[in-house]
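Visitor: Here you go, start07.txt (compact mmCIF, C-alpha atoms):
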```
# COMPACT_ATOMS: atom_id res chain seq x y z
CA ILE D 1 -14.20 0.77 -3.33
CA ALA D 2 -17.21 -0.41 -1.36
CA GLY D 3 -20.14 -1.28 -3.65
CA PHE D 4 -18.15 -0.52 -6.80
CA SER D 5 -20.35 -2.65 -9.08
CA LYS D 6 -23.52 -0.83 -8.04
CA ILE D 7 -21.84 2.56 -8.46
CA SER D 8 -20.52 1.71 -11.95
CA GLU D 9 -23.98 0.63 -13.12
CA LYS D 10 -25.48 4.05 -12.38
CA ILE D 11 -22.98 6.34 -14.15
CA THR D 12 -21.56 6.71 -17.66
CA PRO D 13 -18.15 5.29 -18.66
CA GLN D 14 -16.79 8.85 -18.81
CA GLU D 15 -18.03 9.60 -15.27
CA LEU D 16 -16.63 6.28 -14.03
CA THR D 17 -13.20 7.00 -15.53
CA GLY D 18 -13.15 10.45 -13.96
CA MET D 19 -14.15 9.07 -10.55
CA LEU D 20 -11.53 6.33 -10.63
CA ASN D 21 -8.77 8.73 -11.66
CA GLN D 22 -9.72 11.06 -8.81
CA TYR D 23 -9.77 8.10 -6.41
CA PHE D 24 -6.40 6.73 -7.56
CA GLU D 25 -4.83 10.19 -7.43
CA LEU D 26 -6.03 10.67 -3.86
CA LEU D 27 -4.80 7.28 -2.62
CA ALA D 28 -1.47 7.37 -4.47
CA GLY D 29 -0.67 10.82 -3.07
CA VAL D 30 -1.22 9.71 0.53
CA ILE D 31 0.62 6.39 0.08
CA MET D 32 3.74 8.00 -1.39
CA LYS D 33 3.71 10.81 1.17
CA GLU D 34 3.86 8.16 3.89
CA GLY D 35 6.81 6.32 2.32
CA GLY D 36 4.82 3.64 0.50
CA MET D 37 5.01 2.43 -3.08
CA VAL D 38 1.94 2.03 -5.29
CA ASN D 39 2.62 -1.41 -6.77
CA LYS D 40 -0.39 -1.75 -9.05
CA PHE D 41 -4.00 -0.83 -9.75
CA ILE D 42 -6.31 -3.85 -9.95
CA GLY D 43 -9.70 -2.74 -11.22
CA ASP D 44 -10.92 -0.39 -8.50
CA ALA D 45 -8.25 -1.58 -6.01
CA VAL D 46 -4.83 -0.20 -5.11
CA MET D 47 -2.03 -2.52 -3.98
CA ALA D 48 0.61 -0.67 -1.96
CA LEU D 49 3.87 -1.82 -0.36
CA TRP D 50 6.02 -0.55 2.49
CA GLY D 51 9.50 -1.77 3.42
CA VAL D 52 10.49 -2.81 -0.11
CA PRO D 53 12.56 -2.40 -2.22
CA LEU D 54 14.35 -0.32 0.46
CA ASP D 55 14.36 -1.37 4.09
CA ASN D 56 12.13 0.76 6.32
CA PRO D 57 11.88 -0.19 10.02
CA ASN D 58 8.86 2.12 10.41
CA HIS D 59 6.88 0.53 7.57
CA ALA D 60 3.90 -0.74 9.62
CA VAL D 61 3.33 2.59 11.38
CA GLN D 62 3.50 4.49 8.09
CA ALA D 63 1.05 2.08 6.43
CA CYS D 64 -1.43 2.55 9.29
CA ARG D 65 -1.00 6.30 9.21
CA ALA D 66 -1.65 6.33 5.47
CA SER D 67 -4.78 4.20 5.95
CA LEU D 68 -6.26 6.66 8.45
CA GLN D 69 -5.45 9.59 6.15
CA ILE D 70 -7.08 7.80 3.21
CA HIS D 71 -10.19 7.10 5.27
CA ARG D 72 -10.50 10.78 6.20
CA ALA D 73 -9.71 11.99 2.67
CA MET D 74 -12.42 9.74 1.20
CA LEU D 75 -15.02 11.90 2.96
CA ALA D 76 -14.49 14.37 0.12
CA MET D 77 -15.65 11.69 -2.35
CA ALA D 78 -18.83 10.70 -0.45
CA PRO D 79 -20.82 8.57 -0.99
CA VAL D 80 -17.83 6.67 -2.43
CA THR D 81 -15.95 4.81 0.34
CA CYS D 82 -13.19 2.22 0.42
CA ARG D 83 -12.13 -0.74 2.54
CA ILE D 84 -8.50 -1.33 3.55
CA GLY D 85 -6.66 -4.48 4.68
CA LEU D 86 -3.16 -4.37 6.16
CA ASN D 87 -0.76 -7.20 6.96
CA THR D 88 2.90 -7.43 7.91
CA GLY D 89 5.15 -10.40 7.14
CA ARG D 90 7.85 -12.01 5.07
CA MET D 91 7.24 -12.26 1.33
CA ILE D 92 9.01 -12.71 -1.97
CA ALA D 93 9.78 -9.38 -3.65
CA GLY D 94 11.28 -8.98 -7.12
CA ASN D 95 10.74 -8.77 -10.85
CA LEU D 96 8.22 -11.32 -12.09
CA GLY D 97 6.75 -11.91 -15.55
CA SER D 98 7.80 -12.85 -19.04
CA LYS D 99 10.68 -11.70 -21.26
CA GLU D 100 8.31 -9.32 -23.02
CA ARG D 101 6.76 -7.85 -19.88
CA PHE D 102 7.62 -8.05 -16.19
CA GLU D 103 7.04 -5.96 -13.10
CA TYR D 104 8.37 -5.53 -9.59
CA THR D 105 5.86 -7.04 -7.16
CA VAL D 106 5.44 -9.18 -4.04
CA ILE D 107 3.90 -12.63 -3.57
CA GLY D 108 3.30 -15.00 -0.67
CA ASP D 109 0.93 -15.84 2.18
CA ALA D 110 1.49 -12.47 3.85
CA VAL D 111 0.28 -10.69 0.70
CA ASN D 112 -2.77 -12.94 0.37
CA LEU D 113 -3.78 -12.29 3.98
CA ALA D 114 -3.79 -8.52 3.41
CA SER D 115 -6.24 -9.06 0.56
CA ARG D 116 -8.42 -11.30 2.73
CA LEU D 117 -8.51 -8.65 5.47
CA GLU D 118 -9.75 -6.05 3.00
CA GLY D 119 -12.66 -8.35 2.20
CA VAL D 120 -13.36 -9.10 5.87
CA ASN D 121 -14.32 -5.44 6.37
CA LYS D 122 -17.49 -6.15 4.41
CA LEU D 123 -18.68 -8.67 7.01
CA TYR D 124 -18.00 -6.44 10.02
CA HIS D 125 -18.98 -3.17 8.27
CA THR D 126 -15.58 -1.68 9.13
CA ASP D 127 -13.17 0.47 7.12
CA VAL D 128 -9.62 -0.56 8.06
CA MET D 129 -8.71 -4.04 9.33
CA ILE D 130 -5.19 -5.11 10.33
CA SER D 131 -3.70 -8.45 11.32
CA GLU D 132 -2.20 -9.38 14.69
CA MET D 133 1.23 -9.24 13.01
CA THR D 134 0.71 -5.59 12.09
CA GLU D 135 -0.86 -4.82 15.50
CA GLU D 136 2.30 -6.06 17.20
CA LYS D 137 4.39 -3.60 15.18
CA VAL D 138 2.17 -0.54 15.75
CA ARG D 139 1.02 -1.09 19.33
CA GLY D 140 1.41 2.13 21.32
CA HIS D 141 0.93 4.33 18.23
CA PHE D 142 -2.75 3.81 17.42
CA LEU D 143 -6.14 3.13 18.94
CA LEU D 144 -6.85 -0.50 18.01
CA ARG D 145 -9.88 -2.65 18.79
CA GLU D 146 -9.62 -6.45 18.65
CA VAL D 147 -12.57 -7.62 16.57
CA ASP D 148 -12.32 -11.40 16.22
CA SER D 149 -10.16 -14.40 15.32
CA ILE D 150 -10.69 -15.72 11.81
CA ARG D 151 -9.50 -18.60 9.67
CA VAL D 152 -8.71 -17.72 6.07
CA VAL D 153 -8.43 -20.01 3.07
CA GLY D 154 -5.13 -21.90 3.07
CA LYS D 155 -4.43 -21.25 6.77
CA GLU D 156 -5.16 -23.65 9.61
CA LYS D 157 -4.22 -21.35 12.49
CA PRO D 158 -6.74 -18.56 13.26
CA VAL D 159 -5.51 -14.98 12.94
CA ARG D 160 -6.54 -12.26 15.39
CA ILE D 161 -7.81 -9.18 13.59
CA PHE D 162 -7.99 -5.58 14.79
CA GLN D 163 -9.89 -2.50 13.68
CA LEU D 164 -7.69 0.57 13.20
CA LEU D 165 -9.58 3.50 14.73
CA ASP D 166 -7.33 6.50 15.31
CA ALA D 167 -3.81 7.72 16.06
CA LEU D 168 -3.01 8.07 19.77
CA GLU D 169 -1.72 11.58 19.09
CA ASN D 170 -5.38 12.61 18.67
CA SER D 171 -6.12 11.73 22.30
CA GLY D 172 -8.46 14.25 23.88
CA ALA D 173 -10.62 14.79 20.81
CA PRO D 174 -14.32 13.97 21.48
CA GLU D 175 -14.45 11.25 18.81
CA HIS D 176 -11.23 9.66 20.12
CA GLU D 177 -12.53 9.56 23.69
CA ARG D 178 -15.83 7.99 22.57
CA TRP D 179 -13.90 5.27 20.73
CA LYS D 180 -11.94 4.54 23.91
CA GLU D 181 -15.18 4.16 25.89
CA MET D 182 -16.60 1.95 23.15
CA MET D 183 -13.52 -0.28 23.24
CA VAL D 184 -13.81 -0.85 27.00
CA SER D 185 -17.50 -1.75 26.72
CA PHE D 186 -16.89 -4.05 23.74
CA LYS D 187 -13.96 -5.88 25.38
CA LEU D 188 -16.07 -6.79 28.42
CA ALA D 189 -18.68 -8.38 26.14
CA LEU D 190 -16.07 -10.07 23.92
CA ASP D 191 -14.27 -11.59 26.94
CA ALA D 192 -17.56 -13.06 28.20
CA TYR D 193 -18.28 -14.40 24.70
CA ARG D 194 -14.88 -16.11 24.49
CA ASP D 195 -15.33 -17.58 27.96
CA ARG D 196 -18.62 -19.06 26.66
CA GLN D 197 -20.60 -17.16 29.25
CA TRP D 198 -23.42 -16.84 26.76
CA ALA D 199 -26.06 -15.17 28.92
CA ASP D 200 -23.57 -12.62 30.29
CA ALA D 201 -22.19 -11.95 26.81
CA ALA D 202 -25.67 -11.42 25.35
CA GLY D 203 -26.55 -8.94 28.10
CA LEU D 204 -23.26 -7.08 27.77
CA PHE D 205 -23.59 -6.83 23.99
CA GLN D 206 -27.16 -5.56 24.34
CA ASN D 207 -26.00 -2.88 26.78
CA HIS D 208 -23.12 -2.06 24.44
CA ARG D 209 -25.53 -1.54 21.55
CA LEU D 210 -27.67 0.80 23.65
CA MET D 211 -24.63 2.92 24.53
CA PHE D 212 -22.96 2.73 21.11
CA PRO D 213 -25.67 2.19 18.45
CA GLU D 214 -23.22 3.24 15.73
CA ASP D 215 -20.92 0.25 16.42
CA THR D 216 -21.59 -2.19 13.59
CA VAL D 217 -19.25 -4.85 15.05
CA GLY D 218 -21.21 -4.90 18.33
CA GLU D 219 -24.43 -5.24 16.34
CA LEU D 220 -23.04 -8.26 14.49
CA TYR D 221 -22.12 -10.05 17.74
```
Take the structure from the file and write it as structure tokens.
Guide:
Amino acid sequence: IAGFSKISEKITPQELTGMLNQYFELLAGVIMKEGGMVNKFIGDAVMALWGVPLDNPNHAVQACRASLQIHRAMLAMAPVTCRIGLNTGRMIAGNLGSKERFEYTVIGDAVNLASRLEGVNKLYHTDVMISEMTEEKVRGHFLLREVDSIRVVGKEKPVRIFQLLDALENSGAPEHERWKEMMVSFKLALDAYRDRQWADAAGLFQNHRLMFPEDTVGELY
């Protein structure tokens, strides 16, 4: 939940409990409907898995679809919003813990990266961020905008990150078409930035902001 600490300071414990239960119920329903498993609740966070314990070749697409549904469903809980990070990769899955208490969970670098991507949303003021590994699996199913390449703690090689915007099946809708126009404008500026054409990049980003003032990523650049 974005700004959870500030929200919790302004309401009673009873109101906070009711809000969290409503939030968890909403997310869990969407996750399970899309073939995912709610692994655990961590404070105000939900950790969900796809592709384990049963193999599911469509796991990345279903995880992205669930993320978009959660983002839309959260509108009913405004001003409460949430940030989502998605990653795809190999990990250790199984029962971990002590003799007295253990649970089925996953661990590994791929899991840690998903958590890092959730946090990265705060910097770019985005809602759903996915890794290049997930993008490769879902390409052709969703509208995706490359945002940046980042280095996370414990990793030397930068990871390309993408903003999940919409499902391609919604093509033709006014909002979908505006996102497509925004992506074209942003890519021109990003390409100039990566080519170190600083003056051109600055001008292109300024024009981009004039055309798409709502784009927080363009504002950051």
Visitor: Find the residues near region 216-220 of chain D: any atom within 8 Å, counting all atoms listed in the file, skip ones fewer than 6 places away on the same chain, and give them as number ranges by chain.
Guide: D: 124-126, 147, 186, 205, 208-209
Visitor: Please identify all polymer residues within 6 Å of Leu144 (chain D), counting all atoms listed in the file, omitting same-chain residues fewer than 4 positions from it, and present them as a list in words.
Guide: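 The filter keeps Gln163, Leu164 and Leu165 of chain D.
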Visitor: Using the selection just defined, write its residues with C-alpha atoms as a JSON list (two decimals), in the frame of the given file.
Guide:
```
[["chain", "number", "residue", "atom", "x", "y", "z"],
["D", 163, "GLN", "CA", -9.89, -2.50, 13.68],
["D", 164, "LEU", "CA", -7.69, 0.57, 13.20],
["D", 165, "LEU", "CA", -9.58, 3.50, 14.73]]
```
Visitor: Enter the distance from CA of Val106 (chain D) to CA of Gly94 (chain D), in Å, rounded to one decimal.
Guide: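 It comes out at 6.6 Å.
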Visitor: Counting only C-alpha atoms, figure out which residue out of D:Ala76, D:Ile130, D:Leu26, D:Val111 gets nearest to Val61 (chain D).
Guide: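 Smallest distance to Val61 (chain D) is found for D:Ile130.
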Visitor: What's around Ala63 (chain D) at 9 Å? Count all atoms listed in the file, leave out sequence neighbours fewer than 6 positions away in its own chain, and write the answer as a PyMOL selection string.
Guide: chain D and resi 31+34-36+48-50+86
Visitor: So that I can check the surroundings of region 37-47 of chain D, please list as number ranges by chain every protein, DNA and RNA residue that reaches within 12 Å of it, counting all atoms listed in the file and ignoring chain neighbours fewer than 6 positions away.
Guide: D: 1-5, 7-8, 16-17, 19-31, 53-54, 56, 59, 62-63, 66-67, 70, 80-87, 93-95, 103-107, 111-112, 114-115, 118-119
